[in-house]
Amino acid sequence: MSAHPSPTTTLNEALRATPSITATDLRADARIPLRAHLRHTGALVRRNLLWIRQDPESMFDAVLFPIVFTLLFVYVFGGSIGQSLGGGQEAYVQYIVPGLMAMMGMNMAQGVGTGFNQDFNTGVMDRFRSLPIGRGSVLFAKISVEMVRMLIATAILMVVGVLVGFDIGNWPGLFAAVGLSAVFGSALMWIFLTLGVVMKNAQSVQAMGFLVLMPLQFGSSIFAPTQSMPGWLESFTQVNPLSALADAARGLMVGGPVAHDLWMTLAWSVGITAVMAPVAIHKFRTKS
């Protein structure tokens, strides 16, 4: 018999350790002390990590995605696109790895939406909403765990990138690019958390995510330079936040202009979070 505490036991222990919360406090998140919010979030993060430990297959996307996409794009498109960059496959490796890092946050964000929806359909969220915990704690815990998954995926991406020839010449720039990708990815997660609440099933969340992600990913500078694109598509890439993130990551990791793309990415991140975080929390509180 396992000696490890169950996710439910972990959460209940954290709740019992919060005696200062009264029945009146539980009527709204704003009335729950910040310390209790943090305790609840920590307990839920531990619950989600224990769940991943019990279901290692849930990490397959974070582990396999950076391997498959790096090898696919480097060895299928590296030669031809690399020539347009003034080099060969080696030049394309320096181009695509920062782009894939930008793409990582968006793909992990889609996963948080499907997982959140599954928790609703299996009754897990009904249990959480019946407990004396801050509603926002449930969402923040989900995002925190997805950020861990995203960092693992990014670490695997960098290992594979180095193996195929990526040159890490600027370690501070690398860490800055990872942090920027994490900030933007966490902003996108609020969108997919909202979809996870309002959609009927996980398949619907995946379908909606696919319709949103594909145009943004391929209509950007992630995979190839945009100069050869049609004028209307090149104009779209200039306002696409994924292009700004990919170009900022490239500038930080490889060298080149950074300031404009960096501020554009941060502006998009703040704007998306400011709009979608309240919507996601409201939808979660009011979902019947």
# chains A, B, ... in the order shown; residues from 1 in each chain; ligands from 1
>>> residues_around(residues="A:Val148", least_positions_apart="6", cutoff="10 Å", atoms="only C-alpha atoms", output="PDB file with N, CA, C and O atoms, in the first residue's frame")
ATOM      1  N   LEU A  49       0.149  17.669  -9.200  1.00  0.00           N
ATOM      2  CA  LEU A  49       1.422  16.997  -9.426  1.00  0.00           C
ATOM      3  C   LEU A  49       1.334  15.521  -9.057  1.00  0.00           C
ATOM      4  O   LEU A  49       1.916  14.659  -9.735  1.00  0.00           O
ATOM      5  N   ALA A  62       4.265  16.912 -23.443  1.00  0.00           N
ATOM      6  CA  ALA A  62       5.365  17.786 -23.050  1.00  0.00           C
ATOM      7  C   ALA A  62       6.714  17.175 -23.403  1.00  0.00           C
ATOM      8  O   ALA A  62       7.677  17.898 -23.705  1.00  0.00           O
ATOM      9  N   THR A 154      10.391  22.831 -22.513  1.00  0.00           N
ATOM     10  CA  THR A 154      11.414  23.754 -23.010  1.00  0.00           C
ATOM     11  C   THR A 154      12.815  23.194 -22.780  1.00  0.00           C
ATOM     12  O   THR A 154      13.699  23.322 -23.639  1.00  0.00           O
ATOM     13  N   ALA A 182       7.264  31.955 -21.001  1.00  0.00           N
ATOM     14  CA  ALA A 182       6.411  31.547 -19.895  1.00  0.00           C
ATOM     15  C   ALA A 182       5.354  32.610 -19.589  1.00  0.00           C
ATOM     16  O   ALA A 182       4.193  32.280 -19.313  1.00  0.00           O
TER      17      ALA A 182
END
>>> select_by_dssp(residues="stretch 31-109 of chain A", states="alpha helix (DSSP H)", output="PyMOL selection string")
chain A and resi 34-54+60-84+89-109
>>> residues_around(residues="stretch 263-273 of chain A", least_positions_apart="5", cutoff="10 Å", atoms="only C-alpha atoms", output="PyMOL selection string")
chain A and resi 180-191+239-248+258+278-280
>>> write_last_selection(atoms="N, CA, C and O atoms", output="compact mmCIF listing (two decimals), in the first residue's frame")
# COMPACT_ATOMS: atom_id res chain seq x y z
N LEU A 180 10.20 34.97 -20.98
CA LEU A 180 9.24 35.68 -21.82
C LEU A 180 8.21 34.71 -22.39
O LEU A 180 7.01 35.02 -22.42
N SER A 181 8.65 33.53 -22.81
CA SER A 181 7.72 32.52 -23.32
C SER A 181 6.76 32.06 -22.23
O SER A 181 5.57 31.82 -22.49
N ALA A 182 7.26 31.95 -21.00
CA ALA A 182 6.41 31.55 -19.89
C ALA A 182 5.35 32.61 -19.59
O ALA A 182 4.19 32.28 -19.31
N VAL A 183 5.73 33.87 -19.65
CA VAL A 183 4.78 34.95 -19.40
C VAL A 183 3.67 34.94 -20.44
O VAL A 183 2.48 35.02 -20.12
N PHE A 184 4.06 34.81 -21.71
CA PHE A 184 3.05 34.79 -22.77
C PHE A 184 2.20 33.53 -22.70
O PHE A 184 0.99 33.57 -22.90
N GLY A 185 2.84 32.39 -22.42
CA GLY A 185 2.09 31.15 -22.30
C GLY A 185 1.07 31.19 -21.18
O GLY A 185 -0.06 30.70 -21.34
N SER A 186 1.44 31.77 -20.05
CA SER A 186 0.49 31.86 -18.94
C SER A 186 -0.70 32.76 -19.29
O SER A 186 -1.82 32.51 -18.85
N ALA A 187 -0.45 33.79 -20.10
CA ALA A 187 -1.56 34.65 -20.54
C ALA A 187 -2.53 33.86 -21.43
O ALA A 187 -3.75 33.94 -21.28
N LEU A 188 -1.98 33.06 -22.35
CA LEU A 188 -2.83 32.27 -23.23
C LEU A 188 -3.64 31.24 -22.45
O LEU A 188 -4.75 30.87 -22.85
N MET A 189 -3.11 30.77 -21.35
CA MET A 189 -3.82 29.75 -20.57
C MET A 189 -5.16 30.26 -20.05
O MET A 189 -6.11 29.49 -19.90
N TRP A 190 -5.27 31.57 -19.81
CA TRP A 190 -6.55 32.11 -19.36
C TRP A 190 -7.60 31.97 -20.45
O TRP A 190 -8.79 31.74 -20.16
N ILE A 191 -7.18 32.09 -21.71
CA ILE A 191 -8.13 31.90 -22.81
C ILE A 191 -8.63 30.47 -22.83
O ILE A 191 -9.84 30.20 -22.93
N VAL A 239 1.40 41.84 -36.85
CA VAL A 239 0.60 42.09 -35.65
C VAL A 239 0.33 40.80 -34.88
O VAL A 239 -0.30 40.84 -33.83
N ASN A 240 0.80 39.69 -35.39
CA ASN A 240 0.62 38.40 -34.73
C ASN A 240 1.53 38.34 -33.50
O ASN A 240 2.75 38.47 -33.61
N PRO A 241 0.98 38.13 -32.31
CA PRO A 241 1.83 38.11 -31.10
C PRO A 241 2.86 36.99 -31.12
O PRO A 241 3.92 37.12 -30.50
N LEU A 242 2.57 35.89 -31.84
CA LEU A 242 3.55 34.81 -31.91
C LEU A 242 4.79 35.23 -32.69
O LEU A 242 5.90 34.79 -32.40
N SER A 243 4.61 36.07 -33.71
CA SER A 243 5.77 36.59 -34.43
C SER A 243 6.63 37.45 -33.51
O SER A 243 7.86 37.35 -33.52
N ALA A 244 5.98 38.30 -32.74
CA ALA A 244 6.73 39.15 -31.81
C ALA A 244 7.50 38.31 -30.79
O ALA A 244 8.67 38.58 -30.50
N LEU A 245 6.84 37.26 -30.26
CA LEU A 245 7.50 36.41 -29.28
C LEU A 245 8.67 35.64 -29.91
O LEU A 245 9.76 35.57 -29.33
N ALA A 246 8.44 35.06 -31.11
CA ALA A 246 9.51 34.31 -31.78
C ALA A 246 10.70 35.21 -32.11
O ALA A 246 11.86 34.83 -31.90
N ASP A 247 10.44 36.42 -32.61
CA ASP A 247 11.52 37.33 -32.98
C ASP A 247 12.25 37.84 -31.74
O ASP A 247 13.48 38.02 -31.76
N ALA A 248 11.51 38.07 -30.65
CA ALA A 248 12.16 38.49 -29.42
C ALA A 248 13.04 37.38 -28.87
O ALA A 248 14.17 37.63 -28.41
N VAL A 258 15.73 43.48 -30.37
CA VAL A 258 14.92 42.84 -29.33
C VAL A 258 13.83 43.76 -28.80
O VAL A 258 12.70 43.32 -28.56
N PRO A 278 -10.25 37.72 -15.49
CA PRO A 278 -11.54 37.94 -14.83
C PRO A 278 -12.67 37.14 -15.48
O PRO A 278 -13.58 36.65 -14.78
N VAL A 279 -12.63 37.01 -16.80
CA VAL A 279 -13.67 36.24 -17.50
C VAL A 279 -13.62 34.78 -17.08
O VAL A 279 -14.65 34.16 -16.78
N ALA A 280 -12.41 34.20 -17.04
CA ALA A 280 -12.27 32.79 -16.67
C ALA A 280 -12.75 32.54 -15.24
O ALA A 280 -13.46 31.57 -14.97
>>> atom_distance(atom1="atom CA of A:Gly105", atom2="atom CA of A:Met208")
16.7 Å
>>> atom_distance(atom1="atom CA of A:Arg250", atom2="atom CA of A:Val68")
20.6 Å
>>> residues_around(residues="A:Leu71", least_positions_apart="6", cutoff="9 Å", atoms="only C-alpha atoms", output="PyMOL selection string")
chain A and resi 160-161+164
>>> residues_around(residues="A:Asp119", least_positions_apart="5", cutoff="12 Å", atoms="only C-alpha atoms", output="number ranges by chain")
A: 48, 51, 112-114, 124-129, 138-139, 142, 193, 196-197, 200-202
>>> atom_distance(atom1="atom CA of A:Arg135", atom2="atom CA of A:Ile52")
21.8 Å
>>> closest_residue(among="A:Met106, A:Leu262, A:Gly123, A:Val254", to="A:Met214", atoms="only C-alpha atoms")
A:Met106
>>> closest_residue(among="A:Val74, A:Leu174, A:Leu38, A:Leu233", to="A:Gln89", atoms="only C-alpha atoms")
A:Val74
